[in-house]
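Structure data (compact mmCIF, C-alpha atoms and all ligand atoms) from start.txt:
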```
# COMPACT_ATOMS: atom_id res chain seq x y z
CA MET X 88 102.09 186.20 85.53
CA LYS X 89 102.31 182.39 85.90
CA ALA X 90 101.96 181.73 89.59
CA ILE X 91 105.11 180.30 91.17
CA SER X 92 105.05 177.96 94.15
CA LEU X 93 106.07 178.85 97.70
CA SER X 94 109.10 176.57 97.32
CA ARG X 95 110.29 178.40 94.21
CA TYR X 96 109.72 181.81 95.86
CA LEU X 97 111.78 180.75 98.85
CA ILE X 98 114.56 179.27 96.71
CA GLU X 99 114.72 182.52 94.73
CA GLU X 100 114.83 184.55 97.98
CA GLN X 101 117.63 182.27 99.17
CA ARG X 102 119.63 181.99 95.93
CA ALA X 103 118.99 185.15 93.98
CA LYS X 104 118.76 187.63 96.84
CA GLY X 105 120.63 185.90 99.63
CA LYS X 106 117.72 186.98 101.80
CA ILE X 107 117.22 183.71 103.63
CA PRO X 108 119.50 180.85 104.64
CA ALA X 109 118.58 177.28 103.67
CA ASP X 110 117.43 176.43 107.20
CA LEU X 111 114.98 179.34 107.25
CA ARG X 112 113.65 178.26 103.86
CA LEU X 113 113.14 174.76 105.28
CA LEU X 114 111.42 176.21 108.38
CA VAL X 115 108.90 178.20 106.33
CA GLU X 116 108.18 175.23 104.07
CA VAL X 117 107.60 172.96 107.09
CA VAL X 118 105.27 175.49 108.74
CA ALA X 119 103.38 175.92 105.46
CA ARG X 120 102.98 172.14 105.17
CA ALA X 121 101.63 172.01 108.73
CA CYS X 122 99.16 174.79 107.85
CA LYS X 123 97.89 172.64 104.97
CA SER X 124 97.17 169.85 107.47
CA ILE X 125 95.41 172.29 109.80
CA SER X 126 93.38 173.58 106.84
CA VAL X 127 92.19 170.03 106.12
CA ALA X 128 91.14 169.54 109.76
CA VAL X 129 89.40 172.94 109.97
CA ASN X 130 87.58 172.42 106.67
CA LYS X 131 86.15 169.08 107.84
CA GLY X 132 84.20 170.95 110.55
CA ALA X 133 81.65 168.81 112.32
CA LEU X 134 82.44 165.87 110.02
CA GLY X 135 85.94 165.70 111.50
CA GLY X 136 84.73 165.32 115.08
CA VAL X 137 87.01 168.20 116.07
CA LEU X 138 84.54 170.96 116.97
CA GLY X 139 83.78 172.02 120.51
CA ASN X 140 85.89 172.27 123.64
CA VAL X 141 88.42 169.88 125.07
CA GLY X 142 87.33 170.69 128.61
CA THR X 143 90.73 172.19 129.55
CA VAL X 144 92.02 175.77 129.75
CA ASN X 145 95.31 177.08 128.37
CA VAL X 146 97.89 179.32 130.01
CA GLN X 147 95.67 182.26 129.08
CA GLY X 148 92.87 180.76 131.16
CA GLU X 149 90.88 180.30 127.96
CA ALA X 150 88.84 177.18 127.16
CA GLN X 151 90.80 175.07 124.66
CA LYS X 152 88.99 174.00 121.52
CA LYS X 153 89.75 170.55 120.17
CA LEU X 154 91.14 172.26 117.06
CA ASP X 155 93.39 174.48 119.21
CA VAL X 156 95.06 171.39 120.66
CA LEU X 157 95.11 169.51 117.33
CA SER X 158 96.64 172.50 115.49
CA ASN X 159 99.27 172.85 118.20
CA GLU X 160 100.16 169.15 117.91
CA ILE X 161 100.36 169.33 114.11
CA LEU X 162 102.80 172.26 114.29
CA LEU X 163 104.94 170.59 116.98
CA GLU X 164 105.16 167.25 115.17
CA ALA X 165 105.95 168.92 111.85
CA ASN X 166 108.76 171.07 113.26
CA GLU X 167 110.59 169.08 115.91
CA TRP X 168 112.55 166.65 113.67
CA GLY X 169 113.80 168.98 110.89
CA GLY X 170 116.95 170.22 112.62
CA HIS X 171 116.12 173.87 111.95
CA LEU X 172 114.79 174.82 115.40
CA ALA X 173 116.31 175.28 118.86
CA ALA X 174 112.88 175.41 120.56
CA ILE X 175 109.19 176.15 119.98
CA ALA X 176 106.74 178.29 121.95
CA SER X 177 102.98 178.45 121.58
CA GLU X 178 99.93 180.24 122.94
CA GLU X 179 98.69 176.80 123.96
CA MET X 180 101.71 175.82 126.06
CA ASP X 181 102.87 177.40 129.35
CA ASP X 182 106.57 176.88 128.58
CA PRO X 183 108.66 176.42 125.43
CA HIS X 184 108.70 172.96 123.85
CA PRO X 185 112.29 171.68 123.69
CA ILE X 186 113.47 169.83 120.60
CA PRO X 187 113.72 166.13 121.61
CA HIS X 188 117.36 165.06 122.10
CA ARG X 189 116.98 162.41 119.38
CA TYR X 190 116.74 165.21 116.81
CA PRO X 191 119.38 167.82 115.80
CA LYS X 192 118.82 171.43 116.84
CA GLY X 193 118.96 174.50 114.62
CA GLU X 194 119.43 178.22 115.08
CA TYR X 195 115.81 179.39 115.06
CA LEU X 196 113.08 179.87 117.62
CA LEU X 197 109.50 179.40 116.38
CA VAL X 198 106.58 181.06 118.20
CA PHE X 199 102.98 180.62 117.15
CA ASP X 200 99.30 180.93 117.90
CA PRO X 201 98.26 177.63 116.35
CA LEU X 202 94.65 178.61 115.82
CA ASP X 203 93.76 182.24 116.33
CA GLY X 204 90.11 183.19 116.49
CA SER X 205 89.17 179.73 117.70
CA SER X 206 86.01 180.99 119.43
CA ASN X 207 84.73 181.43 115.85
CA ILE X 208 85.32 177.82 114.76
CA ASP X 209 81.95 176.46 115.88
CA VAL X 210 80.16 179.21 113.92
CA ASN X 211 82.21 178.63 110.74
CA VAL X 212 83.98 182.00 110.68
CA ALA X 213 87.54 182.25 109.27
CA VAL X 214 90.32 181.38 111.72
CA GLY X 215 94.07 181.18 111.24
CA THR X 216 97.57 180.26 112.33
CA ILE X 217 100.02 183.06 113.20
CA PHE X 218 103.78 182.44 113.45
CA SER X 219 106.95 184.36 114.19
CA VAL X 220 110.60 183.31 113.74
CA LEU X 221 113.49 184.56 115.88
CA ARG X 222 117.13 183.55 116.06
CA CYS X 223 118.23 181.57 119.09
CA PRO X 224 120.92 183.57 120.93
CA ASP X 225 124.45 182.32 120.11
CA GLY X 226 125.73 179.64 122.42
CA VAL X 227 122.30 178.76 123.82
CA THR X 228 121.70 175.04 123.37
CA GLU X 229 118.80 174.62 125.81
CA PRO X 230 116.61 177.71 125.22
CA GLU X 231 114.69 179.04 128.21
CA PRO X 232 111.65 181.38 128.02
CA GLU X 233 113.90 184.41 128.42
CA HIS X 234 115.72 183.55 125.19
CA PHE X 235 112.45 184.15 123.32
CA LEU X 236 112.04 187.63 124.85
CA GLN X 237 113.37 189.57 121.85
CA PRO X 238 111.73 192.70 120.40
CA GLY X 239 109.77 192.29 117.17
CA THR X 240 112.54 194.00 115.21
CA ARG X 241 114.57 190.80 115.72
CA GLN X 242 112.09 188.65 113.78
CA VAL X 243 113.64 187.04 110.70
CA ALA X 244 110.29 185.89 109.32
CA ALA X 245 106.59 186.09 110.19
CA GLY X 246 103.37 184.93 108.63
CA TYR X 247 99.84 183.75 109.01
CA CYS X 248 97.64 181.25 107.28
CA ILE X 249 93.95 182.12 107.10
CA TYR X 250 91.48 179.25 106.74
CA GLY X 251 88.66 181.04 104.95
CA PRO X 252 86.83 180.58 101.62
CA SER X 253 90.35 179.89 100.38
CA THR X 254 93.41 178.98 102.42
CA ILE X 255 95.89 181.84 102.11
CA LEU X 256 99.44 182.05 103.46
CA VAL X 257 100.81 185.57 104.02
CA LEU X 258 104.56 185.78 104.60
CA THR X 259 107.40 188.19 105.12
CA VAL X 260 111.09 187.35 105.39
CA GLY X 261 111.93 191.05 105.55
CA ASP X 262 111.71 191.57 101.79
CA GLY X 263 108.14 192.85 101.54
CA THR X 264 104.89 191.00 102.24
CA VAL X 265 103.76 188.27 99.82
CA VAL X 266 100.56 186.23 99.48
CA PHE X 267 100.14 182.57 98.49
CA THR X 268 96.86 180.78 97.81
CA LEU X 269 96.55 177.03 98.38
CA ASP X 270 95.88 175.11 95.17
CA ARG X 271 94.16 172.06 96.65
CA GLU X 272 94.54 170.04 93.42
CA LEU X 273 98.31 170.54 93.38
CA GLY X 274 98.59 170.68 97.19
CA SER X 275 100.86 173.70 96.78
CA PHE X 276 100.75 177.29 97.96
CA MET X 277 100.96 179.41 94.79
CA LEU X 278 102.13 183.04 94.75
CA THR X 279 99.10 185.24 94.07
CA GLN X 280 100.41 188.65 95.21
CA ASP X 281 104.11 189.45 95.27
CA SER X 282 104.33 192.83 96.98
CA VAL X 283 101.41 193.91 99.10
CA ARG X 284 100.97 197.67 99.69
CA ILE X 285 98.38 198.73 102.25
CA PRO X 286 96.54 201.96 101.23
CA GLU X 287 97.85 204.71 103.54
CA ASP X 288 94.33 206.12 104.01
CA THR X 289 91.10 204.29 104.74
CA GLN X 290 87.41 204.63 105.50
CA GLU X 291 87.15 201.45 107.53
CA PHE X 292 87.95 200.81 111.19
CA ALA X 293 87.87 197.60 113.21
CA ILE X 294 87.32 197.57 116.98
CA ASN X 295 85.10 195.69 119.43
CA ALA X 296 82.66 198.56 120.06
CA SER X 297 81.11 196.77 123.04
CA ASN X 298 84.18 197.93 124.99
CA ALA X 299 83.50 201.64 124.22
CA ARG X 300 82.79 202.60 127.83
CA HIS X 301 86.23 201.25 128.84
CA TRP X 302 88.30 203.03 126.17
CA ASP X 303 90.97 205.64 126.96
CA ALA X 304 90.32 209.17 125.65
CA PRO X 305 92.52 209.00 122.49
CA VAL X 306 90.73 205.86 121.25
CA LYS X 307 87.32 207.31 122.06
CA ARG X 308 88.26 210.55 120.22
CA TYR X 309 89.36 208.62 117.12
CA VAL X 310 86.28 206.36 116.98
CA ASP X 311 83.86 209.22 117.73
CA GLU X 312 85.34 211.17 114.79
CA CYS X 313 84.90 208.13 112.52
CA LEU X 314 81.27 207.80 113.68
CA ALA X 315 80.65 211.53 113.07
CA GLY X 316 81.46 210.85 109.41
CA LYS X 317 80.95 213.61 106.81
CA THR X 318 79.45 215.96 109.42
CA GLY X 319 82.46 215.62 111.71
CA PRO X 320 86.14 216.62 111.68
CA ARG X 321 87.10 213.79 109.32
CA GLY X 322 84.73 215.07 106.61
CA LYS X 323 84.06 211.55 105.32
CA ASP X 324 81.92 208.58 106.31
CA PHE X 325 83.54 205.45 107.77
CA ASN X 326 82.54 201.80 107.74
CA MET X 327 83.10 199.40 110.66
CA ARG X 328 84.05 195.73 110.66
CA TRP X 329 84.81 193.37 113.58
CA VAL X 330 85.26 189.67 112.82
CA ALA X 331 86.79 188.89 116.26
CA SER X 332 89.36 186.76 114.46
CA MET X 333 92.54 188.83 114.25
CA VAL X 334 93.78 186.95 111.19
CA ALA X 335 90.56 187.74 109.29
CA ASP X 336 90.52 191.42 110.34
CA VAL X 337 94.22 191.87 109.52
CA HIS X 338 93.87 190.08 106.16
CA ARG X 339 91.03 192.42 105.17
CA ILE X 340 93.19 195.41 106.11
CA LEU X 341 96.20 194.00 104.24
CA THR X 342 93.95 193.56 101.20
CA ARG X 343 91.97 196.84 101.11
CA GLY X 344 93.27 199.05 103.92
CA GLY X 345 91.78 199.88 107.29
CA ILE X 346 92.76 200.22 110.93
CA PHE X 347 92.56 197.44 113.55
CA MET X 348 92.43 198.40 117.21
CA TYR X 349 92.52 196.24 120.31
CA PRO X 350 93.83 198.88 122.73
CA VAL X 351 94.49 198.48 126.40
CA ASP X 352 91.36 199.75 128.16
CA ALA X 353 89.94 199.89 131.69
CA LYS X 354 88.65 196.32 131.30
CA CYS X 355 91.94 194.63 130.28
CA ARG X 356 94.51 197.06 131.71
CA ASP X 357 95.37 194.76 134.61
CA LYS X 358 96.35 192.06 132.08
CA GLY X 359 98.28 194.50 129.87
CA GLY X 360 95.81 194.14 127.00
CA ARG X 361 93.87 191.44 125.14
CA LEU X 362 96.24 190.34 122.36
CA ARG X 363 99.59 188.63 122.90
CA LEU X 364 102.82 190.35 121.91
CA MET X 365 105.05 187.45 120.88
CA TYR X 366 102.70 185.47 118.63
CA GLU X 367 99.95 187.88 117.59
CA ALA X 368 101.07 191.54 117.72
CA ASN X 369 104.72 191.15 116.65
CA PRO X 370 104.23 188.88 113.62
CA MET X 371 101.25 190.94 112.43
CA ALA X 372 103.21 194.17 112.96
CA PHE X 373 106.12 192.81 110.88
CA ILE X 374 103.75 191.79 108.06
CA ILE X 375 101.89 195.12 108.15
CA GLU X 376 105.06 197.26 108.22
CA GLN X 377 106.59 195.28 105.35
CA ALA X 378 103.42 196.17 103.39
CA GLY X 379 103.81 199.90 104.09
CA GLY X 380 101.48 200.04 107.09
CA ALA X 381 102.17 200.93 110.74
CA ALA X 382 101.71 199.18 114.09
CA THR X 383 101.78 200.93 117.46
CA THR X 384 100.74 200.37 121.06
CA GLY X 385 99.53 203.99 121.00
CA HIS X 386 102.71 204.98 122.82
CA GLN X 387 105.43 203.19 120.84
CA ARG X 388 106.07 201.03 117.76
CA ILE X 389 104.96 197.50 118.62
CA MET X 390 108.12 195.96 117.20
CA ASP X 391 110.28 198.09 119.52
CA VAL X 392 108.64 196.73 122.69
CA GLN X 393 111.06 194.72 124.85
CA PRO X 394 109.03 191.64 125.87
CA LEU X 395 108.90 190.84 129.58
CA GLY X 396 107.09 187.52 129.34
CA LEU X 397 106.37 184.83 126.74
CA HIS X 398 102.59 185.34 127.02
CA GLN X 399 102.69 189.08 127.58
CA ARG X 400 99.67 190.99 126.29
CA ILE X 401 99.90 194.35 124.54
CA SER X 402 97.80 197.18 123.10
CA VAL X 403 97.46 196.82 119.31
CA ILE X 404 96.67 199.57 116.79
CA LEU X 405 97.74 198.67 113.24
CA GLY X 406 96.94 199.15 109.56
CA SER X 407 96.81 202.07 107.14
CA LYS X 408 99.76 204.29 107.97
CA HIS X 409 98.03 207.69 108.09
CA GLU X 410 95.24 206.42 110.34
CA VAL X 411 97.61 204.68 112.78
CA GLU X 412 99.72 207.86 112.91
CA ARG X 413 96.56 209.86 113.68
CA VAL X 414 95.73 207.63 116.66
CA ALA X 415 99.34 207.84 117.89
CA LEU X 416 99.08 211.66 117.61
CA TYR X 417 95.93 211.62 119.75
CA PHE X 418 97.81 209.61 122.39
CA ARG X 419 100.63 212.20 122.37
CA GLU X 420 98.14 215.07 122.64
CA ASN X 421 96.28 213.37 125.50
P1 LIG W 501 90.07 183.57 120.45
O1 LIG W 501 91.26 182.88 119.83
O2 LIG W 501 89.84 183.23 121.88
O3 LIG W 501 88.84 183.48 119.60
O4 LIG W 501 90.44 185.13 120.50
C1 LIG W 501 90.67 185.73 119.25
C2 LIG W 501 91.44 187.01 119.52
O5 LIG W 501 92.61 186.71 120.23
C3 LIG W 501 91.76 187.74 118.24
O6 LIG W 501 91.88 186.90 117.15
C4 LIG W 501 90.59 188.69 118.07
O7 LIG W 501 90.92 189.87 117.40
C5 LIG W 501 90.20 188.99 119.51
O8 LIG W 501 90.65 187.87 120.31
C6 LIG W 501 88.71 189.13 119.65
O9 LIG W 501 88.48 189.52 121.00
P2 LIG W 501 86.96 189.85 121.45
O10 LIG W 501 86.27 188.50 121.47
O11 LIG W 501 87.11 190.48 122.80
O12 LIG W 501 86.38 190.78 120.43
```
Re-express the file's structure as structure tokens.
Ligand code: AFP
Amino acid sequence: MKAISLSRYLIEEQRAKGKIPADLRLLVEVVARACKSISVAVNKGALGGVLGNVGTVNVQGEAQKKLDVLSNEILLEANEWGGHLAAIASEEMDDPHPIPHRYPKGEYLLVFDPLDGSSNIDVNVAVGTIFSVLRCPDGVTEPEPEHFLQPGTRQVAAGYCIYGPSTILVLTVGDGTVVFTLDRELGSFMLTQDSVRIPEDTQEFAINASNARHWDAPVKRYVDECLAGKTGPRGKDFNMRWVASMVADVHRILTRGGIFMYPVDAKCRDKGGRLRLMYEANPMAFIIEQAGGAATTGHQRIMDVQPLGLHQRISVILGSKHEVERVALYFREN
């Protein structure tokens, strides 16, 4: 199959299938172009003078990397003039960024983690950009934080760009999950996988095992059974991976199956979890579900959660359908 470009894919989704309006096509193309710029900055590494910390902390209370701030600025500058957005929210900003009055507004809300996994940048491990697109409620011209608080089922598009050995854009507009690889000579994202299907079973789990003593019983039961391998109730051996960059862990699972868990535990319960609902859990859940996988908090489907705050954290268990369902069963039996 001759690879087609992102632009052609989006035009075909818009024209042939009526799946996306022109403004949403423009939005995805603008975000993809911004990701190309971020990829250039990330790939320069130490030569770009952008490694290390800024010396500030974000709304999460986390030290901001220079690339966190730069990636955020690239995404803001790329998106504020196009006329497709009503407002923008980011992990790196306390409140939504309004579209400057000198530019027209559109009907979409864009939420993103501009550079997820940024604690891995200085050690040259894959990082990525995660984004989610919602509709701005009708009649709202000056969106407030509460206008972003829509469940994940209301997303009209979601994606991530992983800056790894190759730069790969993974996207869903609700018509399956598709994968584009950046052709640096052309400067275009080219379609390299047109309908991702996550294997429903797996032998690979991803969790930060250093938190084991804090886990709730259902998580401990699931992981202990994986560790028991052939001799245990699962009757097969498991492998473990933990990159500590959600984009990298999710991309591996999207590619070959697996289960990713960052559950609420005794250590992070007071914060509601480790990962953020609006710009990490929801977009990844949309992508995973569109590829035949599942995504739960342990108690409910992630995309059904009614957000209570823009930077709300949530328990995340996602990946191969049968494994996620097993963990959810253990929560019900608990
Ligand atoms: P950073 O962006 O601060 O590196 O956090 C990355 C992340 O939000 C997510 O990408 C990882 O899955 C998770 O945190 C790793 O958390 P631990 O460092 O506690 O394993």
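What separates atom CA of X:Arg339 from atom CA of X:Ile401 is a distance of 21.4 Å.
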Pick out the residues sitting within 9 Å of X:Tyr250, and hand them over as a PDB file with C-alpha atoms, in the coordinates of the input; count only C-alpha atoms, and ignore anything fewer than 6 positions along from it in its own chain.
```pdb
ATOM      1  CA  CYS X 122      99.160 174.790 107.850  1.00  0.00           C
ATOM      2  CA  ILE X 125      95.410 172.290 109.800  1.00  0.00           C
ATOM      3  CA  SER X 126      93.380 173.580 106.840  1.00  0.00           C
ATOM      4  CA  VAL X 129      89.400 172.940 109.970  1.00  0.00           C
ATOM      5  CA  ASN X 130      87.580 172.420 106.670  1.00  0.00           C
ATOM      6  CA  VAL X 212      83.980 182.000 110.680  1.00  0.00           C
ATOM      7  CA  ALA X 213      87.540 182.250 109.270  1.00  0.00           C
ATOM      8  CA  VAL X 214      90.320 181.380 111.720  1.00  0.00           C
ATOM      9  CA  GLY X 215      94.070 181.180 111.240  1.00  0.00           C
ATOM     10  CA  THR X 216      97.570 180.260 112.330  1.00  0.00           C
ATOM     11  CA  ALA X 335      90.560 187.740 109.290  1.00  0.00           C
TER      12      ALA X 335
END
```
How would you report the residues lying within 7 Å of ligand LIG 501 (chain W), as a PyMOL selection string, if you count all atoms listed in the file? chain X and resi 149+202-207+295+331-334+361-362
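Using only C-alpha atoms, the protein and nucleic acid residues lying no more than 10 Å from X:Asp182, apart from those fewer than 5 places from it along its own chain, are Val146, Ile175, Ala176, Ser177, Glu231, Pro232, Leu397 and His398 of chain X.
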Given all atoms listed in the file, how would the per-residue table for stretch 116-206 of chain X near stretch 259-272 of chain X read, listing every residue at most 10 Å away with its closest atom pair and distance in Å to one decimal, sorted by chain and number, as a tab-separated table?
```
residue	atom	partner	partner_atom	distance
X:Ala119	CA	X:Leu269	CA	9.9
X:Lys123	CA	X:Leu269	CA	8.0
X:Ser126	CA	X:Leu269	CA	9.7
X:Val127	CA	X:Arg271	CA	9.9
```
Residue contacts of X:Gln242 (10 Å, all atoms listed in the file) excluding same-chain residues fewer than 3 positions away, as an mmCIF file with C-alpha atoms, in the frame of the given file:
```cif
data_model
loop_
_atom_site.group_PDB
_atom_site.id
_atom_site.type_symbol
_atom_site.label_atom_id
_atom_site.label_comp_id
_atom_site.auth_asym_id
_atom_site.auth_seq_id
_atom_site.Cartn_x
_atom_site.Cartn_y
_atom_site.Cartn_z
ATOM 1 C CA LEU X 196 113.080 179.870 117.620
ATOM 2 C CA LEU X 197 109.500 179.400 116.380
ATOM 3 C CA SER X 219 106.950 184.360 114.190
ATOM 4 C CA VAL X 220 110.600 183.310 113.740
ATOM 5 C CA LEU X 221 113.490 184.560 115.880
ATOM 6 C CA ARG X 222 117.130 183.550 116.060
ATOM 7 C CA GLN X 237 113.370 189.570 121.850
ATOM 8 C CA PRO X 238 111.730 192.700 120.400
ATOM 9 C CA GLY X 239 109.770 192.290 117.170
ATOM 10 C CA ALA X 245 106.590 186.090 110.190
ATOM 11 C CA THR X 259 107.400 188.190 105.120
ATOM 12 C CA VAL X 260 111.090 187.350 105.390
ATOM 13 C CA GLY X 261 111.930 191.050 105.550
ATOM 14 C CA ASN X 369 104.720 191.150 116.650
ATOM 15 C CA PRO X 370 104.230 188.880 113.620
ATOM 16 C CA PHE X 373 106.120 192.810 110.880
ATOM 17 C CA MET X 390 108.120 195.960 117.200
#
```
Draw an axis-aligned box over all listed atoms of stretch 273-285 of chain X, pad each side with 5 Å, and write its centre and edge lengths in Å, one decimal, as AutoDock Vina command-line options.
```
--center_x 101.3 --center_y 184.6 --center_z 97.8 --size_x 16.0 --size_y 38.2 --size_z 18.9
```
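The smallest atom-to-atom distance between X:Val306 and any of X:Asp281, X:Leu416, X:Leu256, X:Phe325, using only C-alpha atoms, is found for X:Leu416.
Across X:Lys317, X:Val210, X:Ala381, X:Glu194, the tightest approach to X:Gly226 is made by X:Glu194 when counting only C-alpha atoms.
Each of X:Gly396, X:Gly385, X:Pro252, X:Pro350 was checked against X:Pro183 using only C-alpha atoms; the smallest atom-to-atom distance is that of X:Gly396.
Atom CA of X:Arg328 is positioned 17.7 Å from atom CA of X:Val414.
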Within 12 Å of X:Glu412 using only C-alpha atoms, minus same-chain residues under 2 positions, as a count of residues only: 26
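With all atoms listed in the file as the atoms that count, the residue of X:Val198, X:Ile340, X:Cys313, X:Val156 with the shortest distance to X:Arg413 is X:Cys313.
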